[in-house]
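Participant: Sharing a structure here in structure tokens format.
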Amino acid sequence: QETVKIGVINAYSGQFADPGAQLDAGITLYMQQHGDTVAGKKIEIIRKDVGGIAPDVAKRLAEELIVRDKVDILAGALLTPNALAMGDVSAEAEKFMVVMNATTPVIITKSPYMIRTSATASQINGNFGTWIANQGVKQVYTMVTDYGPGIGSGTAFEEAFKAAGGEIVGQDRTPVVNPDFSPFVQRVAEADPEALYVWVPGGTQPPALAKALAERGITPENTKIYGQGELTDDAALEALGETALGIITAYHYNVHRDDAMNDEFVEAYRAANDGRDPDIYSIGAYDGMAAIYKALEATGGDASGEALINAAKGMTWDSPRGPIGIDAETGDVVQTIWIREVQMVDGKPANVIIDQVENAK
Amino acid sequence: MNSLETRNLNKAFGKLVVADNVSLALPQGARHALIGPNGAGKTTLINLITGALRPDTGSVQLNGEDITSLLPDARVKRGLGRTFQINTLFPQLTPLESATMAICERDALSGHWLSPLAKHGAAIDEAYDLLGRVGLADAATKPTRDLAYGQQRLLEIALALASSPKVLLLDEPAAGVPKSESAALFEVIAGLPEDISVLFIEHDMNLVFSFATSITVLVQGAILTEGPPDQIAHDPQVREIYLGGAHHG
Amino acid sequence: MDPKSWIRAKARISPYEAIFWIAAAVIPFVFFENYLSLAASVAVTALFCISLDMILGYAGIISLGHAAFFGIGAYTAGILSARGWGEPISGLLLAAAVTAAVGYIVSFMIVRVQHLALLMITLGLSFLLAELAISFDQFTGGSDGLQGIDTWKLLGIWKFSLWGHTAYAYALATLFVLFLLARRIVHSPFGLTLEAIRENPVRTTALGAPNHAHLRKIFTIAAAFAGVAGALLAQISETVSPEALGFQRSAEIAVMLILGGTGRLYGAILGAIIFMIARDQISGFYLQYWYFWIGLILILVVLFLPRGILGGLERLARLGRRA
Amino acid sequence: MAEALLELRDVRAGYGDAVVLDGVSFSVSENAGVALLGRNGVGKSTLIQTVMGFTQFLSGSILWRGREIQTVKPHLRARMGLGWVPQERDIFRSLTVEENLTVVARPGPWDVKKVYDLFPRLKERRENKGNQLSGGEQQMLAIGRTLMTNPAMLLLDEPLEGLAPIIVEELGDAIGRMVREAGMTLMLVEQHAEVTLGMTDEAIILERGRIVHQAASKDLLADHATLDRYIGLNIGD
Amino acid sequence: MSTLIAVLFDGFSYGMLLFLLSVGLSVTLGLMNFTNLAHGAFAMLGGYVTYALVESAGWPFLATLPLAFLATALIAAVFEAVLFRRIYKSGELNQVLLTIGVVFASYAVAAFFFGTVHHSVDLPDYLKGFVEIGDLKLPAYRIFLVIVALAVTAGLILFLEFTRFGAMVRAAVDNDKVAGGLGLNINAIFALTFALGSGLAGLGGALAIDILFIDPNFGFHILVPVLIVVSIGGLGSIWGSFLAAAALGIFDVAGKFLFPDFGPFLIYLFMVVILFFRPNGFFARR
Ligand SMILES: Nc1ncnc2c1ncn2[C@@H]1O[C@H](COP(=O)(O)OP(=O)(O)OP(=O)(O)O)[C@@H](O)[C@H]1O
Ligand SMILES: Nc1ncnc2c1ncn2[C@@H]1O[C@H](COP(=O)(O)OP(=O)(O)OP(=O)(O)O)[C@@H](O)[C@H]1O
Ligand SMILES: [Mg+2]
Ligand SMILES: [Mg+2]
């Protein structure tokens with residue numbers, strides 16, 4: 001039996017090990033549920049650890065995967081710089097590549113053999129900016145993390161918000177390694193804006209920021225708070241309690257969305273991961289694997305870059321996150337963006353979907 | 001012209017005055033001893049002369065040139081050499097390497113970063129020769145830290161000699177060297193060319209009185225008296241403060 | 001033994017060395033063709049390690065921020081290429097010149113401090129540079145890394161490909177040339193003086209050595225070496241990101257150097273080879289937990305091979321001769 | 001004659017794999033003074049350090065008040081009453097003079113005040129850090145510091161080196177008094193053979209790590225031929 | 001006005017957190033001269049002890065703090081006896097490498113037992129939210145941090161300056177051979193000092209959870225700020241660390257408040273400049 005080898009380049013250690021672990025769990029779960037054979041080919045995963053942001057290492061690992069391990073497909077790409085470096089290799093070696101997480105828009109242009117199954121910064125935040133302006137909000141203060149994804153998201157948000165008639169009254173960038181949000185929160189308190197838009201990477205920062213806001217009395221009661229979904233993930237909600245009520249976020253995946261397919265996915269994921277919930281990393285990888293499987297089925301097992309990319313482009317399917325597809329021109333993901341508000345559900349704060357933007361690009 | 005001269009040197013550590021208007025002159029070829037109670041400021045004076053310490057006021061002249069504002073290494077380049085009271089050596093290097101290094105530095109070879117050391121055979125030979133003269137030939141290729149204390153003292157002196165100083169400052173060179181060998185050591189020092197001036201600190205009066213041609217007594221940072229050996233040996237004040245009763249001159 | 005031959009013996013090229021370099025040139029091409037990318041990156045790292053050995057092993061300057069120069073070299077070559085001039089060798093030379101200049105300026109600071117202050121200042125400088133690299137994103141591509149590097153054919157003939165033939169040959173040749181240079185430097189009178197300064201700066205001053213001038217010189221040279229290493233990596237991988245300047249890279253080469261043994265140049269090379277191959281192999285097996293094994297190796301090396309693998313081998317050889 | 005306080009039996013010791021002492025045996029009885037003489041590098045310091053437990057002990061035995069101590073840790077030997085004054089002074093550089101004294105203090109007749117009486121110079125410099133002392137002051141401090149541990153036996157490794165003649169004289173007297181009046185036992189390494197022999201009862205001469213001569217100090221002082229042969233001293237000229 | 005006070009208080013209390021995390025290093029690195037980069041790993045250990053006791057055993061937060069100190073001190077003493085003791089004289093670089101090795105290993109061990117995800121602890125209600133003083137809103141937990149920091153400072157200064165212990169440690173560091181030869185039990189002294197320093201790290205780690213959270217990277221994370229505090233404060237000076245931490249906290253917070261675009265740049269610049277002119281920090285002991 002022939003095999004199709006997938007080389008996964010991911011952060012398994014270091015600062016980004018946690019999202020890396022979630023991403024990997026998404027891959028594993030998909031294969032558990034759908035078996036390791038597609039179109040008569042056995043699927044084999046080869047995992048490599050880049051250990052963090054290290055494009056030179058990512059590039060070398062990608063080269064080695066192709067030269068040494070003879071992989072047919074490159075996947076993973078948790079972090080933008082690494083994804084960019086992998087893109088070069090995909091283009092040169094003419095191998096199909098699936099970006100399972102990195103959200104910077106430009107990545108997709110790096111290789112004609114690339115698709116993305118996560119989201120893009122502009123897809124979520126651009127649509128969100130328009131939505132907020134349409135709600136009648138006039139002025140927003142923005143606060144985003146000072147690195148690629150943060151700046152990309154912030155810019156997408158601001159452009160869309162301004163295009164829809166809004167005004168940006170303040171702009172702060174917080175350091176990537178940020179142990180203390182208090183000075184930035186004090187600046188917001190001082191400016192006392194109508195609304196605040198924040199973008200911080202998932203992990204320790206959302207609860208830390210949310211806490212810093214609450215401790216200084218900035219709550220949705222007096223200032224509207226908007227952000228990308230991470231801001232109100234479960235850890236943050238737990239740390240915040242009732243003070244989080246009213247925060248509105250936009251996201252492409254909602255763990256608690258009431259949907260049969262999602263329920264089944266979450267349950268299986270929890271069972272496989274000591275009760276832990278899936279998150280965007282998990283779903284990005286899960287759908288990434290789905291895309292690979294479906295494309296291989298369509299090509300009848302032909303794993304060449306050319307065949308796979310042609311099969312993948314324009315594909316659509318149903319995912320636990322909702323309807324999803326691959327843009328026939330760019331290879332980027334097309335999906336629904338969910339707008340959620342924190343509300344009390346069964347005595348606990350939870351993200352409740354209040355609106356949605358369909359077929360967002 | 002004196003080869004070394006200090007003019008009204010003053011130095012205090014906080015309230016403690018360690019150099020009190022010290023004016024000292026060393027004519028060329030001098031074999032001059034500096035003695036005085038412990039803590040009188042002898043080592044400090046050497047540190048002031050070599051530039052390891054900066055004087056509060058006063059100046060230092062070397063062969064007529066004012067060197068007060070020069071850095072220590074520049075003073076060495078002008079012919080000032082010293083040893084340390086407490087061994088100050090290169091523990092991992094061998095005596096041969098240490099002495100070769102000193103000679104290379106003296107001959108301005110240390111800037112040569114692209115020619116192999118072995119090409120500078122003359123420097124190595126000279127170093128080996130020098131070690132032989134102070135009795136370290138056998139220990140030349142052992143790491144310094146494995147040498148006995150007395151051997152390290154000898155290396156201390158060899159290194160000072162390696163820079164071919166015109167004025168040599170020795171801080172208790174014979175401390176830790178047995179009597180027999182310390183005499184031999186002083187023979188080496190005494191046998192240095194006539195034009196080299198030597199200032200040495202020593203608490204062994206036998207050595208002081210047999211090798212010094214003149215002596216300065218330093219007490220609490222100030223010069224108490226100066227003169228030829230027999231005068232100092234019989235000076236009642238010096239006897240009381242420093243020599244004690246055991247020395248009969 | 002006659003003193004001159006004793007000193008000369010320390011600097012003589014032994015047959016083992018010739019074997020080593022021939023092996024390095026042949027074995028990867030013949031037996032490990034699939035590993036050429038890794039081999040190229042080992043050669044680059046070995047060069048970087050040698051640079052650290054010159055200041056740390058010989059001159060005793062401990063730096064936790066040496067990657068600053070690696071990164072500057074990488075960005076210099078990278079930006080040059082991204083702006084349209086991708087000729088590799090001139091890129092190396094420019095990187096060497098730029099890093100030497102920066103190294104010279106920084107050296108005025110470095111030579112004045114020791115111990116913790118030295119560790120922290122070198123660390124701080126590399127953090128500062130990384131921040132600058134992130135801030136000046138119009139030149140550097142910010143935290144996403146520099147895009148658009150395109151390395152031209154080596155000597156107009158050999159293309160840099162996925163397989164890494166050109167990359168390895170290029171990196172190895174550069175390493176070899178610079179190794180010979182480093183070897184010459186450490187066996188020169190200047191090299192001896194550096195060791196003496198490392199051992200006891202007070203005494204070298206008293207022997208007339210201008211310590212600071214000597215140290216500035218070696219620091220500048222070492223910076224240029226590190227810059228060339230960085231430039232090599234940028235050209236071979238066609239990427240540079242602020243991580244090139246980061247603490248992790250500085251720490252890793254210190255680890256490799258200690259592992260191999262300081263103050264002997266080959267320690268740097270050996271350390272790079274062993275560390276990088278071990279990591280490549282271990283991280284393949286223990287994705288999440290390879291840090292544990294690296295940590296353990298570090299601990300064991302410091303405890304049982306405090307003078308590195310080469311130091312340990314030397315001791316064995318001495319014991320063997322005596323027995 | 002009192003029971004031996006310290007006894008070495010056929011001791012072999014050195015550094016790493018270099019054997020420095022070979023087959024050294026002797027004993028020191030309570031309240032006696034022993035001089036240890038010999039040229040440079042014959043192993044005098046090594047002998048003292050072996051008694052303290054700082055060298056590689058290879059074979060033989062060391063007895064303290066009849067008990068074998070060669071496996072006992074150095075600090076416990078010190079607490080048993082061995083008082084070592086290292087040759088290189090080794091003042092605690094970052095401690096003040098007074099801290100240098102108090103930090104090792106153990107109860108007994110010697111206290112800070114008595115040390116200051118012995119070395120008035122130290123009292124003047126009591127606030128100075130250890131590394132800001134003159135060579136001679138460091139030597140005084142090294143001796144004073146060891147006295148603060150109130151030892152039963154002093155092991156002095158060239159304690160007079162670098163001291164002014166008048167201090168040498170006073171210190172010599174003081175040490176003599178300690179032995180004679182305070183019941184202190186003494187082992188003394190010195191270059192000044194006359195002074196050393198004057199302060200001790202017995203003398204041992206080492207050569208290449210072996211004992212080559214043992215005699216009463218008085219006799220040795222008169223035995224110019226032996227002194228000349230092993231130490232190269234020409235006393236009296 | 002009240003914003004100014006709030007910013008200053010935020011800075012000061014952040015500084016106190018830094019102080020609590022670094023004071024132990026001021027003991028192990030400053031006093032013992034042991035370049036202990038594993039400090040962060042011990043802080044992490046203390047943090048996990050508190051986390052485990054609060055979340056799994058249901059202890060009240062305050063009650064876990066002494067245990068975070070003790071458990072860390074005990075384990076550190078074992079490490080000292082088995083590992084660190086052997087390299088006190090091997091030079092800074094070897095110490096850096098071995099202790100970094102410990103941090104690497106601790107990362108993997110923590111990831112194994114507690115997962116890569118970050119954890120926080122549930123605080124008692126009286127430490128949550130803010131305390132209103134006039135129109136000033138000060139976070140309750142930060143007030144608590146300041147109080148603990150002041151208590152630790154006072155206790156340590158009393159212990160190290162007014163007992164012979166501090167001098168014994170310095171003597172043992174200056175020359176362990178001679179200190180031993182004069183009857184000081186240097187092994188015990190070093191073990192105790194190291195346990196004290198690391199215990200303080202553990203306490204700091206436990207106290208830091210609420211602000212920094214705890215995950216396997218904690219040991220790496222806090223290392224640089226902590227080293228900055230100790231090096232600027234001056235080796236071995238508790239008081240120096242205190243002032244440096246306070247100054248750094250205020251400088252950092254106020255700097256980011258006033259010039260948010262400079263990010264961490266200012267702190268590194270501050271450190272490099274200070275160390276260049278005062279290589280031994282402000283209150284160097286040696
Ligand atoms: N850095 C310093 N700070 C304060 N006092 C110092 C310092 N250095 C030396 N002293 C003091 O200055 C005095 C003179 O010291 P110096 O070393 O010059 O004496 P010396 O004459 O060489 O004595 P010895 O014969 O004992 O070597 C001593 O009392 C010493 O304690
Ligand atoms: N740490 C060491 N490692 C190796 N060898 C050593 C060490 N210390 C001393 N030696 C060697 O041991 C021998 C005896 O040295 P020791 O210091 O005991 O001599 P000593 O009689 O005290 O001489 P001195 O009168 O010069 O002090 C010497 O040959 C010396 O080279
Ligand atoms: Mg002196
Ligand atoms: Mg000796």
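Each chain in the structure tokens gets a letter, A, B, ..., in the order shown, and its residues are numbered from 1; ligands are numbered from 1 in order too.
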Quick one: which chain D residues come within 7 Å of ligand 4, and what is the nearest atom pair for each with the distance in Å to one decimal, counting only C-alpha atoms and all ligand atoms, rows ordered by chain and ascending number, as JSON lines?
Facilitator:
```
{"residue": "D:Gly41", "atom": "CA", "partner": "ligand 4", "partner_atom_place_in_ligand_line": "1 (Mg)", "distance": 6.7}
{"residue": "D:Gly43", "atom": "CA", "partner": "ligand 4", "partner_atom_place_in_ligand_line": "1 (Mg)", "distance": 6.8}
{"residue": "D:Lys44", "atom": "CA", "partner": "ligand 4", "partner_atom_place_in_ligand_line": "1 (Mg)", "distance": 5.5}
{"residue": "D:Ser45", "atom": "CA", "partner": "ligand 4", "partner_atom_place_in_ligand_line": "1 (Mg)", "distance": 4.0}
{"residue": "D:Gln87", "atom": "CA", "partner": "ligand 4", "partner_atom_place_in_ligand_line": "1 (Mg)", "distance": 6.2}
{"residue": "D:Asp157", "atom": "CA", "partner": "ligand 4", "partner_atom_place_in_ligand_line": "1 (Mg)", "distance": 6.7}
```
Participant: Select residues of chain B: the criterion is any atom within 8 Å of an atom of chain D, counting only C-alpha atoms; output as a count of residues only.
Facilitator: 30
Participant: Taking only C-alpha atoms into account, find every residue of chain D that has an atom no more than 12 Å from chain E, and write it out as a ChimeraX atom specification.
Facilitator: /D:48-55,72-106,129-131,142-151,154-155
Participant: Can you work out the spacing between CA of Val255 in chain C and CA of Phe219 in chain C in Å, to one decimal?
Facilitator: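 That distance, rounded to one decimal, is 19.6 Å.
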Participant: Would you compute the distance between CA of Asp234 in chain A and CA of Phe42 in chain E? Give it in Å to one decimal.
Facilitator: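 The value is 28.5 Å.
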Participant: Give the answer as one residue: which of D:Leu58, D:Leu156, D:Leu206, D:Met178 has the shortest atom-to-atom distance to ligand 2, using only C-alpha atoms and all ligand atoms?
Facilitator: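 Nearest to ligand 2: D:Leu206.
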Participant: Applying 10 Å and only C-alpha atoms, which residues near Val188 in chain B remain after dropping the ones on its own chain fewer than 6 positions away? List them as a PDB file with N, CA, C and O atoms, in the first residue's frame.
Facilitator:
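Result written to out.pdb:
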```pdb
ATOM      1  N   ARG B 133      67.808  32.172  34.616  1.00  0.00           N
ATOM      2  CA  ARG B 133      68.576  33.023  35.518  1.00  0.00           C
ATOM      3  C   ARG B 133      67.963  33.119  36.907  1.00  0.00           C
ATOM      4  O   ARG B 133      68.671  33.273  37.892  1.00  0.00           O
ATOM      5  N   VAL B 134      66.640  33.077  37.018  1.00  0.00           N
ATOM      6  CA  VAL B 134      66.045  33.131  38.357  1.00  0.00           C
ATOM      7  C   VAL B 134      65.802  31.733  38.920  1.00  0.00           C
ATOM      8  O   VAL B 134      65.198  31.582  39.968  1.00  0.00           O
ATOM      9  N   SER B 182      66.964  33.679  48.401  1.00  0.00           N
ATOM     10  CA  SER B 182      66.691  35.108  48.319  1.00  0.00           C
ATOM     11  C   SER B 182      67.998  35.868  48.106  1.00  0.00           C
ATOM     12  O   SER B 182      68.039  36.863  47.386  1.00  0.00           O
TER      13      SER B 182
END
```
Participant: How many Å lie between CA of Lys159 in chain C and CA of Ile108 in chain A, rounded to one decimal?
Facilitator: 25.6 Å
Participant: Determine, counting only C-alpha atoms, which protein, DNA and RNA residues have an atom within 6 Å of an atom of range 207-217 of chain B; residues of the same chain fewer than 4 positions away are not included. Present the result as a tab-separated table (two decimals) with all heavy atoms, in the first residue's frame.
Facilitator:
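Just written: part.tsv:
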```
chain	number	residue	atom	x	y	z
B	31	ARG	N	70.32	51.67	44.05
B	31	ARG	CA	69.79	50.46	44.68
B	31	ARG	C	69.20	50.96	45.98
B	31	ARG	O	69.86	51.02	47.00
B	31	ARG	CB	70.90	49.44	44.94
B	31	ARG	CG	71.61	48.95	43.68
B	31	ARG	CD	70.68	48.13	42.78
B	31	ARG	NE	71.36	47.63	41.58
B	31	ARG	CZ	71.27	48.21	40.39
B	31	ARG	NH1	70.53	49.31	40.23
B	31	ARG	NH2	71.90	47.71	39.35
B	32	HIS	N	67.95	51.35	45.88
B	32	HIS	CA	67.36	52.12	46.96
B	32	HIS	C	66.30	51.29	47.67
B	32	HIS	O	65.43	50.71	47.03
B	32	HIS	CB	66.72	53.39	46.36
B	32	HIS	CG	66.33	54.41	47.38
B	32	HIS	ND1	67.11	55.52	47.67
B	32	HIS	CD2	65.24	54.53	48.16
B	32	HIS	CE1	66.51	56.24	48.60
B	32	HIS	NE2	65.38	55.66	48.91
B	33	ALA	N	66.38	51.25	49.01
B	33	ALA	CA	65.38	50.49	49.75
B	33	ALA	C	64.36	51.41	50.37
B	33	ALA	O	64.68	52.52	50.78
B	33	ALA	CB	66.07	49.67	50.84
B	34	LEU	N	63.13	50.91	50.42
B	34	LEU	CA	62.05	51.66	51.07
B	34	LEU	C	61.57	50.78	52.22
B	34	LEU	O	61.11	49.66	52.01
B	34	LEU	CB	60.93	51.88	50.05
B	34	LEU	CG	59.72	52.71	50.47
B	34	LEU	CD1	60.15	54.12	50.82
B	34	LEU	CD2	58.70	52.73	49.34
B	35	ILE	N	61.76	51.27	53.43
B	35	ILE	CA	61.32	50.47	54.58
B	35	ILE	C	60.37	51.28	55.43
B	35	ILE	O	60.20	52.48	55.23
B	35	ILE	CB	62.52	49.97	55.43
B	35	ILE	CG1	63.27	51.14	56.04
B	35	ILE	CG2	63.45	49.12	54.60
B	35	ILE	CD1	64.36	50.72	57.02
B	36	GLY	N	59.75	50.61	56.37
B	36	GLY	CA	58.81	51.29	57.23
B	36	GLY	C	57.81	50.30	57.78
B	36	GLY	O	57.66	49.20	57.24
B	223	ILE	N	57.87	60.68	54.77
B	223	ILE	CA	59.25	60.25	54.87
B	223	ILE	C	59.80	60.67	56.22
B	223	ILE	O	59.76	61.85	56.59
B	223	ILE	CB	60.09	60.87	53.74
B	223	ILE	CG1	59.61	60.30	52.40
B	223	ILE	CG2	61.57	60.58	53.95
B	223	ILE	CD1	60.38	60.81	51.21
B	224	LEU	N	60.27	59.69	56.98
B	224	LEU	CA	60.82	60.00	58.31
B	224	LEU	C	62.26	60.43	58.16
B	224	LEU	O	62.68	61.44	58.70
B	224	LEU	CB	60.72	58.76	59.19
B	224	LEU	CG	61.29	58.89	60.59
B	224	LEU	CD1	60.39	59.75	61.46
B	224	LEU	CD2	61.49	57.52	61.23
B	225	THR	N	63.01	59.64	57.41
B	225	THR	CA	64.41	60.00	57.21
B	225	THR	C	64.92	59.26	55.98
B	225	THR	O	64.32	58.31	55.50
B	225	THR	CB	65.26	59.63	58.45
B	225	THR	OG1	66.64	59.84	58.16
B	225	THR	CG2	65.07	58.17	58.82
B	226	GLU	N	66.07	59.71	55.50
B	226	GLU	CA	66.69	59.10	54.34
B	226	GLU	C	68.20	59.06	54.57
B	226	GLU	O	68.73	59.94	55.23
B	226	GLU	CB	66.42	59.95	53.09
B	226	GLU	CG	65.28	59.47	52.25
B	226	GLU	CD	65.00	60.39	51.08
B	226	GLU	OE1	65.05	61.62	51.25
B	226	GLU	OE2	64.72	59.87	50.00
B	227	GLY	N	68.85	58.08	53.99
B	227	GLY	CA	70.30	58.09	54.16
B	227	GLY	C	70.92	56.77	53.79
B	227	GLY	O	70.22	55.84	53.39
B	228	PRO	N	72.23	56.68	53.93
B	228	PRO	CA	72.93	55.43	53.64
B	228	PRO	C	72.65	54.39	54.74
B	228	PRO	O	72.25	54.77	55.84
B	228	PRO	CB	74.40	55.83	53.64
B	228	PRO	CG	74.46	57.08	54.44
B	228	PRO	CD	73.16	57.77	54.28
B	229	PRO	N	72.85	53.11	54.46
B	229	PRO	CA	72.48	52.04	55.38
B	229	PRO	C	72.99	52.22	56.81
B	229	PRO	O	72.19	52.11	57.75
B	229	PRO	CB	73.08	50.80	54.73
B	229	PRO	CG	73.11	51.12	53.29
B	229	PRO	CD	73.34	52.58	53.17
```
Participant: Restricting the calculation to only C-alpha atoms: of C:Phe275, C:Trp6, C:Phe136, C:Tyr170, which residue gets closest to chain B?
Facilitator: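 Closest residue, counting only C-alpha atoms: C:Trp6.
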